[in-house]
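Visitor: The file below is target00.cif, mmCIF, N, CA and C atoms:
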data_protein
loop_
_atom_site.label_atom_id
_atom_site.label_comp_id
_atom_site.auth_asym_id
_atom_site.auth_seq_id
_atom_site.Cartn_x
_atom_site.Cartn_y
_atom_site.Cartn_z
N MET A 1 -4.63 -48.52 -7.45
CA MET A 1 -5.60 -47.61 -8.04
C MET A 1 -4.91 -46.28 -8.30
N GLY A 2 -5.09 -45.76 -9.50
CA GLY A 2 -4.45 -44.50 -9.87
C GLY A 2 -5.38 -43.33 -9.74
N LEU A 3 -4.81 -42.16 -9.89
CA LEU A 3 -5.59 -40.93 -9.86
C LEU A 3 -5.75 -40.41 -11.27
N THR A 4 -6.88 -39.79 -11.54
CA THR A 4 -7.14 -39.20 -12.85
C THR A 4 -7.32 -37.71 -12.68
N THR A 5 -6.57 -36.94 -13.44
CA THR A 5 -6.71 -35.50 -13.43
C THR A 5 -6.99 -35.03 -14.85
N ILE A 6 -7.76 -33.96 -14.95
CA ILE A 6 -8.03 -33.35 -16.25
C ILE A 6 -7.93 -31.84 -16.11
N THR A 7 -7.81 -31.17 -17.24
CA THR A 7 -7.88 -29.72 -17.28
C THR A 7 -9.15 -29.36 -18.04
N ALA A 8 -10.01 -28.58 -17.41
CA ALA A 8 -11.26 -28.14 -18.02
C ALA A 8 -11.36 -26.63 -17.89
N ILE A 9 -12.25 -26.05 -18.68
CA ILE A 9 -12.50 -24.61 -18.61
C ILE A 9 -13.83 -24.41 -17.90
N VAL A 10 -13.82 -23.56 -16.88
CA VAL A 10 -15.05 -23.20 -16.18
C VAL A 10 -15.32 -21.73 -16.45
N GLY A 11 -16.60 -21.37 -16.52
CA GLY A 11 -16.88 -19.99 -16.83
C GLY A 11 -18.25 -19.52 -16.42
N LYS A 12 -18.38 -18.21 -16.42
CA LYS A 12 -19.65 -17.54 -16.18
C LYS A 12 -19.63 -16.27 -17.03
N GLY A 13 -20.63 -16.12 -17.87
CA GLY A 13 -20.65 -14.96 -18.76
C GLY A 13 -19.43 -14.99 -19.67
N LYS A 14 -18.73 -13.86 -19.73
CA LYS A 14 -17.54 -13.78 -20.59
C LYS A 14 -16.26 -14.23 -19.87
N ASN A 15 -16.35 -14.46 -18.55
CA ASN A 15 -15.19 -14.89 -17.78
C ASN A 15 -15.02 -16.40 -17.87
N SER A 16 -13.81 -16.85 -18.07
CA SER A 16 -13.52 -18.29 -18.03
C SER A 16 -12.11 -18.51 -17.53
N ILE A 17 -11.92 -19.66 -16.88
CA ILE A 17 -10.62 -20.01 -16.29
C ILE A 17 -10.35 -21.47 -16.56
N GLU A 18 -9.12 -21.79 -16.90
CA GLU A 18 -8.68 -23.17 -17.05
C GLU A 18 -8.30 -23.71 -15.68
N VAL A 19 -8.85 -24.86 -15.31
CA VAL A 19 -8.65 -25.42 -13.97
C VAL A 19 -8.24 -26.88 -14.07
N ASP A 20 -7.29 -27.28 -13.24
CA ASP A 20 -6.90 -28.69 -13.12
C ASP A 20 -7.77 -29.33 -12.05
N PHE A 21 -8.45 -30.43 -12.42
CA PHE A 21 -9.36 -31.12 -11.51
C PHE A 21 -8.89 -32.55 -11.26
N LEU A 22 -9.08 -33.02 -10.04
CA LEU A 22 -8.97 -34.43 -9.73
C LEU A 22 -10.35 -35.01 -10.00
N VAL A 23 -10.43 -36.05 -10.84
CA VAL A 23 -11.71 -36.69 -11.13
C VAL A 23 -12.03 -37.60 -9.94
N ASP A 24 -13.16 -37.34 -9.30
CA ASP A 24 -13.56 -38.08 -8.11
C ASP A 24 -14.89 -38.75 -8.37
N SER A 25 -14.84 -40.03 -8.74
CA SER A 25 -16.06 -40.76 -9.09
C SER A 25 -16.93 -41.02 -7.86
N GLY A 26 -16.44 -40.68 -6.67
CA GLY A 26 -17.24 -40.81 -5.46
C GLY A 26 -17.88 -39.51 -5.04
N ALA A 27 -17.58 -38.43 -5.75
CA ALA A 27 -18.15 -37.12 -5.44
C ALA A 27 -19.34 -36.85 -6.36
N THR A 28 -20.42 -36.35 -5.78
CA THR A 28 -21.59 -36.03 -6.59
C THR A 28 -21.36 -34.73 -7.35
N TYR A 29 -21.03 -33.65 -6.65
CA TYR A 29 -20.81 -32.35 -7.27
C TYR A 29 -19.33 -32.07 -7.46
N SER A 30 -19.03 -31.21 -8.42
CA SER A 30 -17.67 -30.72 -8.59
C SER A 30 -17.42 -29.60 -7.60
N LEU A 31 -16.16 -29.38 -7.27
CA LEU A 31 -15.78 -28.33 -6.33
C LEU A 31 -14.80 -27.38 -7.00
N LEU A 32 -15.07 -26.09 -6.88
CA LEU A 32 -14.16 -25.06 -7.36
C LEU A 32 -13.44 -24.45 -6.17
N THR A 33 -12.14 -24.22 -6.32
CA THR A 33 -11.39 -23.58 -5.25
C THR A 33 -11.88 -22.14 -5.08
N GLU A 34 -11.65 -21.60 -3.90
CA GLU A 34 -12.16 -20.27 -3.58
C GLU A 34 -11.66 -19.20 -4.54
N ASN A 35 -10.38 -19.25 -4.90
CA ASN A 35 -9.86 -18.23 -5.81
C ASN A 35 -10.53 -18.29 -7.18
N VAL A 36 -10.88 -19.49 -7.65
CA VAL A 36 -11.53 -19.64 -8.96
C VAL A 36 -12.96 -19.10 -8.92
N TRP A 37 -13.77 -19.55 -7.96
CA TRP A 37 -15.16 -19.11 -7.97
C TRP A 37 -15.30 -17.63 -7.69
N ARG A 38 -14.40 -17.09 -6.88
CA ARG A 38 -14.45 -15.65 -6.62
C ARG A 38 -14.08 -14.87 -7.88
N GLU A 39 -13.06 -15.34 -8.62
CA GLU A 39 -12.66 -14.66 -9.86
C GLU A 39 -13.77 -14.70 -10.90
N LEU A 40 -14.54 -15.79 -10.92
CA LEU A 40 -15.67 -15.89 -11.86
C LEU A 40 -16.88 -15.09 -11.40
N GLY A 41 -16.88 -14.67 -10.14
CA GLY A 41 -17.99 -13.91 -9.61
C GLY A 41 -19.21 -14.75 -9.28
N LEU A 42 -18.99 -16.03 -8.95
CA LEU A 42 -20.11 -16.90 -8.60
C LEU A 42 -20.69 -16.49 -7.25
N LYS A 43 -22.00 -16.62 -7.13
CA LYS A 43 -22.70 -16.27 -5.90
C LYS A 43 -23.35 -17.53 -5.33
N PRO A 44 -23.35 -17.69 -4.01
CA PRO A 44 -24.00 -18.84 -3.39
C PRO A 44 -25.51 -18.85 -3.67
N MET A 45 -26.04 -20.04 -3.95
CA MET A 45 -27.47 -20.20 -4.20
C MET A 45 -28.16 -20.94 -3.06
N ARG A 46 -27.40 -21.80 -2.37
CA ARG A 46 -27.92 -22.54 -1.22
C ARG A 46 -26.74 -23.17 -0.48
N THR A 47 -27.02 -23.75 0.68
CA THR A 47 -25.99 -24.42 1.47
C THR A 47 -26.39 -25.88 1.62
N MET A 48 -25.40 -26.77 1.52
CA MET A 48 -25.64 -28.21 1.68
C MET A 48 -24.63 -28.79 2.66
N LYS A 49 -25.00 -29.92 3.25
CA LYS A 49 -24.09 -30.65 4.13
C LYS A 49 -23.41 -31.77 3.34
N PHE A 50 -22.14 -31.99 3.65
CA PHE A 50 -21.36 -33.05 3.01
C PHE A 50 -20.64 -33.85 4.09
N SER A 51 -20.46 -35.12 3.82
CA SER A 51 -19.75 -36.00 4.74
C SER A 51 -18.35 -36.26 4.20
N LEU A 52 -17.33 -36.02 5.02
CA LEU A 52 -15.96 -36.32 4.64
C LEU A 52 -15.68 -37.81 4.86
N ALA A 53 -14.56 -38.30 4.35
CA ALA A 53 -14.22 -39.72 4.45
C ALA A 53 -14.14 -40.19 5.91
N ASP A 54 -13.77 -39.29 6.81
CA ASP A 54 -13.68 -39.68 8.23
C ASP A 54 -15.00 -39.55 8.97
N GLY A 55 -16.07 -39.20 8.25
CA GLY A 55 -17.39 -39.07 8.86
C GLY A 55 -17.74 -37.67 9.32
N THR A 56 -16.78 -36.76 9.27
CA THR A 56 -17.04 -35.38 9.66
C THR A 56 -18.06 -34.75 8.70
N ILE A 57 -19.02 -34.02 9.25
CA ILE A 57 -20.02 -33.32 8.44
C ILE A 57 -19.59 -31.86 8.31
N ILE A 58 -19.56 -31.37 7.07
CA ILE A 58 -19.23 -29.96 6.82
C ILE A 58 -20.34 -29.35 5.97
N LYS A 59 -20.42 -28.03 5.99
CA LYS A 59 -21.36 -27.31 5.14
C LYS A 59 -20.59 -26.52 4.10
N ARG A 60 -21.11 -26.52 2.89
CA ARG A 60 -20.52 -25.73 1.82
C ARG A 60 -21.65 -25.10 1.01
N GLN A 61 -21.35 -23.94 0.45
CA GLN A 61 -22.32 -23.25 -0.39
C GLN A 61 -22.25 -23.81 -1.81
N ILE A 62 -23.39 -23.73 -2.51
CA ILE A 62 -23.53 -24.27 -3.86
C ILE A 62 -23.89 -23.14 -4.82
N SER A 63 -23.31 -23.20 -6.01
CA SER A 63 -23.67 -22.29 -7.09
C SER A 63 -23.75 -23.12 -8.37
N GLU A 64 -23.66 -22.49 -9.51
CA GLU A 64 -23.58 -23.25 -10.76
C GLU A 64 -22.72 -22.49 -11.74
N THR A 65 -22.13 -23.24 -12.67
CA THR A 65 -21.26 -22.62 -13.67
C THR A 65 -21.21 -23.49 -14.92
N ARG A 66 -20.59 -22.97 -15.94
CA ARG A 66 -20.43 -23.66 -17.22
C ARG A 66 -19.09 -24.40 -17.24
N PHE A 67 -19.10 -25.63 -17.74
CA PHE A 67 -17.88 -26.42 -17.92
C PHE A 67 -17.67 -26.68 -19.39
N GLU A 68 -16.40 -26.70 -19.80
CA GLU A 68 -16.03 -27.11 -21.15
C GLU A 68 -14.86 -28.08 -21.04
N TYR A 69 -14.99 -29.21 -21.72
CA TYR A 69 -13.91 -30.20 -21.73
C TYR A 69 -13.90 -30.89 -23.10
N GLN A 70 -12.82 -30.75 -23.80
CA GLN A 70 -12.62 -31.38 -25.11
C GLN A 70 -13.81 -31.19 -26.05
N GLY A 71 -14.28 -29.96 -26.14
CA GLY A 71 -15.36 -29.63 -27.06
C GLY A 71 -16.75 -29.94 -26.54
N LEU A 72 -16.87 -30.44 -25.32
CA LEU A 72 -18.16 -30.72 -24.71
C LEU A 72 -18.49 -29.60 -23.73
N TYR A 73 -19.75 -29.19 -23.69
CA TYR A 73 -20.17 -28.08 -22.85
C TYR A 73 -21.35 -28.49 -21.97
N GLY A 74 -21.42 -27.92 -20.79
CA GLY A 74 -22.56 -28.16 -19.92
C GLY A 74 -22.54 -27.22 -18.74
N THR A 75 -23.72 -26.99 -18.17
CA THR A 75 -23.85 -26.20 -16.95
C THR A 75 -24.15 -27.15 -15.82
N THR A 76 -23.52 -26.92 -14.67
CA THR A 76 -23.64 -27.86 -13.57
C THR A 76 -23.54 -27.16 -12.21
N PRO A 77 -24.18 -27.73 -11.19
CA PRO A 77 -23.96 -27.20 -9.84
C PRO A 77 -22.50 -27.41 -9.43
N VAL A 78 -22.00 -26.51 -8.62
CA VAL A 78 -20.63 -26.64 -8.09
C VAL A 78 -20.62 -26.25 -6.62
N ILE A 79 -19.74 -26.90 -5.89
CA ILE A 79 -19.48 -26.54 -4.50
C ILE A 79 -18.50 -25.38 -4.50
N LEU A 80 -18.80 -24.36 -3.72
CA LEU A 80 -17.90 -23.22 -3.59
C LEU A 80 -16.89 -23.54 -2.48
N GLY A 81 -15.69 -23.90 -2.90
CA GLY A 81 -14.67 -24.34 -1.98
C GLY A 81 -14.22 -23.26 -1.01
N GLU A 82 -13.68 -23.73 0.10
CA GLU A 82 -13.13 -22.85 1.12
C GLU A 82 -11.64 -23.16 1.27
N ASP A 83 -11.02 -22.53 2.26
CA ASP A 83 -9.58 -22.70 2.51
C ASP A 83 -9.21 -24.17 2.58
N LYS A 84 -8.20 -24.57 1.85
CA LYS A 84 -7.63 -25.92 1.81
C LYS A 84 -8.46 -26.93 1.01
N ASP A 85 -9.64 -26.55 0.47
CA ASP A 85 -10.39 -27.44 -0.41
C ASP A 85 -9.66 -27.53 -1.75
N LYS A 86 -9.74 -28.69 -2.37
CA LYS A 86 -9.09 -28.94 -3.67
C LYS A 86 -10.14 -29.06 -4.76
N ALA A 87 -9.77 -28.69 -5.98
CA ALA A 87 -10.69 -28.78 -7.12
C ALA A 87 -10.99 -30.24 -7.45
N LEU A 88 -12.27 -30.59 -7.46
CA LEU A 88 -12.71 -31.95 -7.78
C LEU A 88 -13.72 -31.90 -8.91
N LEU A 89 -13.71 -32.91 -9.76
CA LEU A 89 -14.70 -33.07 -10.81
C LEU A 89 -15.57 -34.25 -10.43
N GLY A 90 -16.84 -33.98 -10.11
CA GLY A 90 -17.75 -35.01 -9.65
C GLY A 90 -18.59 -35.60 -10.78
N VAL A 91 -19.35 -36.63 -10.42
CA VAL A 91 -20.11 -37.38 -11.43
C VAL A 91 -21.26 -36.57 -12.04
N PHE A 92 -21.83 -35.63 -11.31
CA PHE A 92 -22.91 -34.83 -11.87
C PHE A 92 -22.40 -34.06 -13.09
N THR A 93 -21.20 -33.48 -12.98
CA THR A 93 -20.60 -32.75 -14.09
C THR A 93 -20.23 -33.71 -15.22
N LEU A 94 -19.64 -34.84 -14.87
CA LEU A 94 -19.28 -35.83 -15.90
C LEU A 94 -20.51 -36.26 -16.70
N GLU A 95 -21.58 -36.60 -16.00
CA GLU A 95 -22.79 -37.04 -16.69
C GLU A 95 -23.40 -35.92 -17.52
N GLY A 96 -23.32 -34.69 -17.02
CA GLY A 96 -23.82 -33.55 -17.78
C GLY A 96 -23.06 -33.35 -19.09
N LEU A 97 -21.80 -33.76 -19.09
CA LEU A 97 -20.98 -33.68 -20.31
C LEU A 97 -21.08 -34.95 -21.15
N GLY A 98 -21.84 -35.94 -20.65
CA GLY A 98 -21.99 -37.20 -21.38
C GLY A 98 -20.77 -38.09 -21.26
N LEU A 99 -20.06 -37.99 -20.13
CA LEU A 99 -18.83 -38.76 -19.93
C LEU A 99 -18.94 -39.63 -18.69
N MET A 100 -18.08 -40.62 -18.64
CA MET A 100 -17.94 -41.45 -17.44
C MET A 100 -16.47 -41.82 -17.29
N LEU A 101 -16.10 -42.23 -16.08
CA LEU A 101 -14.73 -42.64 -15.79
C LEU A 101 -14.62 -44.15 -15.98
N ASN A 102 -13.76 -44.57 -16.88
CA ASN A 102 -13.49 -46.00 -17.07
C ASN A 102 -12.64 -46.44 -15.88
N PRO A 103 -13.14 -47.35 -15.03
CA PRO A 103 -12.40 -47.71 -13.82
C PRO A 103 -11.13 -48.52 -14.09
N PHE A 104 -11.03 -49.10 -15.28
CA PHE A 104 -9.86 -49.92 -15.60
C PHE A 104 -8.72 -49.10 -16.18
N THR A 105 -9.06 -48.16 -17.08
CA THR A 105 -8.02 -47.35 -17.72
C THR A 105 -7.86 -45.99 -17.05
N ARG A 106 -8.83 -45.62 -16.17
CA ARG A 106 -8.85 -44.32 -15.49
C ARG A 106 -8.95 -43.16 -16.49
N GLU A 107 -9.57 -43.41 -17.64
CA GLU A 107 -9.77 -42.39 -18.66
C GLU A 107 -11.25 -42.01 -18.72
N LEU A 108 -11.52 -40.79 -19.17
CA LEU A 108 -12.89 -40.37 -19.39
C LEU A 108 -13.32 -40.84 -20.77
N ILE A 109 -14.48 -41.48 -20.82
CA ILE A 109 -15.01 -42.01 -22.07
C ILE A 109 -16.47 -41.59 -22.22
N PRO A 110 -16.99 -41.59 -23.46
CA PRO A 110 -18.41 -41.24 -23.65
C PRO A 110 -19.32 -42.25 -22.95
N MET A 111 -20.40 -41.73 -22.36
CA MET A 111 -21.41 -42.59 -21.73
C MET A 111 -22.35 -43.13 -22.80
N LYS A 112 -22.92 -44.28 -22.52
CA LYS A 112 -24.02 -44.76 -23.35
C LYS A 112 -25.26 -44.06 -22.84
N MET A 113 -25.84 -43.19 -23.65
CA MET A 113 -26.99 -42.40 -23.25
C MET A 113 -28.26 -43.19 -23.50
N MET A 114 -29.15 -43.18 -22.52
CA MET A 114 -30.37 -43.97 -22.60
C MET A 114 -31.62 -43.09 -22.58
N LEU A 115 -32.63 -43.51 -23.31
CA LEU A 115 -33.96 -42.90 -23.29
C LEU A 115 -34.99 -44.01 -23.26
N ALA A 116 -36.16 -43.69 -22.78
CA ALA A 116 -37.25 -44.66 -22.81
C ALA A 116 -38.34 -44.13 -23.73
N LYS A 117 -38.97 -45.01 -24.45
CA LYS A 117 -40.05 -44.63 -25.35
C LYS A 117 -41.26 -45.51 -25.05
N ILE A 118 -42.40 -44.88 -24.93
CA ILE A 118 -43.62 -45.63 -24.67
C ILE A 118 -44.14 -46.20 -25.98
N SER A 119 -44.31 -47.47 -26.01
CA SER A 119 -44.84 -48.08 -27.24
C SER A 119 -46.33 -48.31 -27.07
N LYS A 120 -47.05 -48.19 -28.17
CA LYS A 120 -48.52 -48.35 -28.13
C LYS A 120 -48.92 -49.73 -28.56
#
Give the structure from the file, written as structure tokens.
Guide:
Amino acid sequence: MGLTTITAIVGKGKNSIEVDFLVDSGATYSLLTENVWRELGLKPMRTMKFSLADGTIIKRQISETRFEYQGLYGTTPVILGEDKDKALLGVFTLEGLGLMLNPFTRELIPMKMMLAKISK
């Protein structure tokens, strides 16, 4: 199994930063490193608990920011990383951009978007 990394632009207001992310299809939210979210001036909105792979429970603060990737734009919640946390791109952000990770090629591809319509 390979790793997938991408470069995306994150921003708030007129500030934006290019960030290298590890695409983590097992992560719900994306994570910004401390230096990035502080430079953007993001403020915590709430705190959530997360479980690490070894079962350890940690708390991290949540905010939101704008993402841009290959001409696609979206606003998404982000985890405000702490010391030694790495930048991750989670599925909430991917879906907000209309993308998914192809598990065979490890590439980001457009999602098939679905709607339901009530018929009379």
Visitor: Which one is closest to A:Leu42: A:Thr7, A:Asn102, A:Ser16, A:Ser63? Count only N, CA and C atoms.
Guide: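 Nearest to A:Leu42: A:Ser63.
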Visitor: Do you know which residues the PyMOL selection byres (((chain A and resi 108 and name CA) around 10) and name CA) returns on this file, as a PyMOL selection string?
Guide: chain A and resi 4-6+23+94+98-103+105-107+109-111
Visitor: Find, counting only N, CA and C atoms, the residue in A:Leu3, A:Leu97, A:Leu32, A:Val10 that gets nearest to A:Gly74.
Guide: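 That would be A:Leu97, the residue with the smallest distance to A:Gly74.
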Visitor: Quick one, how far is atom C of A:Lys49 from atom N of A:Asp83?
Guide: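 Answer for the atom C of A:Lys49 to atom N of A:Asp83 separation: 15.5 Å.
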Visitor: Could you tell me which of A:Asn15, A:Pro77, A:Lys117, A:Ala27 comes closest to A:Pro44 if we count only C-alpha atoms?
Guide: A:Pro77
Visitor: In Å, how far is it from atom N of A:Thr75 to atom C of A:Ala116?
Guide: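 Going from atom N of A:Thr75 over to atom C of A:Ala116 covers 23.2 Å.
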Visitor: Could you find all residues in stretch 15-66 of chain A that DSSP calls strand (DSSP E or B) from the backbone, and write them as a ChimeraX atom specification?
Guide: /A:15-23,30-32,46-51,57-66
Visitor: Evaluate the PyMOL selection byres ((chain A and resi 34) around 6.5) on the structure here and hand back the selected residues as a PyMOL selection string.
Guide: chain A and resi 32-33+35-39+80-83
Visitor: Can you write out the residues you just picked, keeping N, CA and C atoms, as a PDB file, in the coordinates of the input?
Guide:
ATOM      1  N   LEU A  32     -15.070 -26.090  -6.880  1.00  0.00           N
ATOM      2  CA  LEU A  32     -14.160 -25.060  -7.360  1.00  0.00           C
ATOM      3  C   LEU A  32     -13.440 -24.450  -6.170  1.00  0.00           C
ATOM      4  N   THR A  33     -12.140 -24.220  -6.320  1.00  0.00           N
ATOM      5  CA  THR A  33     -11.390 -23.580  -5.250  1.00  0.00           C
ATOM      6  C   THR A  33     -11.880 -22.140  -5.080  1.00  0.00           C
ATOM      7  N   ASN A  35     -10.380 -19.250  -4.900  1.00  0.00           N
ATOM      8  CA  ASN A  35      -9.860 -18.230  -5.810  1.00  0.00           C
ATOM      9  C   ASN A  35     -10.530 -18.290  -7.180  1.00  0.00           C
ATOM     10  N   VAL A  36     -10.880 -19.490  -7.650  1.00  0.00           N
ATOM     11  CA  VAL A  36     -11.530 -19.640  -8.960  1.00  0.00           C
ATOM     12  C   VAL A  36     -12.960 -19.100  -8.920  1.00  0.00           C
ATOM     13  N   TRP A  37     -13.770 -19.550  -7.960  1.00  0.00           N
ATOM     14  CA  TRP A  37     -15.160 -19.110  -7.970  1.00  0.00           C
ATOM     15  C   TRP A  37     -15.300 -17.630  -7.690  1.00  0.00           C
ATOM     16  N   ARG A  38     -14.400 -17.090  -6.880  1.00  0.00           N
ATOM     17  CA  ARG A  38     -14.450 -15.650  -6.620  1.00  0.00           C
ATOM     18  C   ARG A  38     -14.080 -14.870  -7.880  1.00  0.00           C
ATOM     19  N   GLU A  39     -13.060 -15.340  -8.620  1.00  0.00           N
ATOM     20  CA  GLU A  39     -12.660 -14.660  -9.860  1.00  0.00           C
ATOM     21  C   GLU A  39     -13.770 -14.700 -10.900  1.00  0.00           C
ATOM     22  N   LEU A  80     -18.800 -24.360  -3.720  1.00  0.00           N
ATOM     23  CA  LEU A  80     -17.900 -23.220  -3.590  1.00  0.00           C
ATOM     24  C   LEU A  80     -16.890 -23.540  -2.480  1.00  0.00           C
ATOM     25  N   GLY A  81     -15.690 -23.900  -2.900  1.00  0.00           N
ATOM     26  CA  GLY A  81     -14.670 -24.340  -1.980  1.00  0.00           C
ATOM     27  C   GLY A  81     -14.220 -23.260  -1.010  1.00  0.00           C
ATOM     28  N   GLU A  82     -13.680 -23.730   0.100  1.00  0.00           N
ATOM     29  CA  GLU A  82     -13.130 -22.850   1.120  1.00  0.00           C
ATOM     30  C   GLU A  82     -11.640 -23.160   1.270  1.00  0.00           C
ATOM     31  N   ASP A  83     -11.020 -22.530   2.260  1.00  0.00           N
ATOM     32  CA  ASP A  83      -9.580 -22.700   2.510  1.00  0.00           C
ATOM     33  C   ASP A  83      -9.210 -24.170   2.580  1.00  0.00           C
TER      34      ASP A  83
END
Visitor: Taking the file as shown, what set of residues would the PyMOL selection byres ((chain A and resi 64) around 6) give back, as a PyMOL selection string?
Guide: chain A and resi 62-63+65-66+76-78
Visitor: Counting only C-alpha atoms, which residue out of A:Met113, A:Ala8, A:Ala87, A:Met45 sits closest to A:Asp24?
Guide: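 Distance minimum relative to A:Asp24 lands on A:Ala87.
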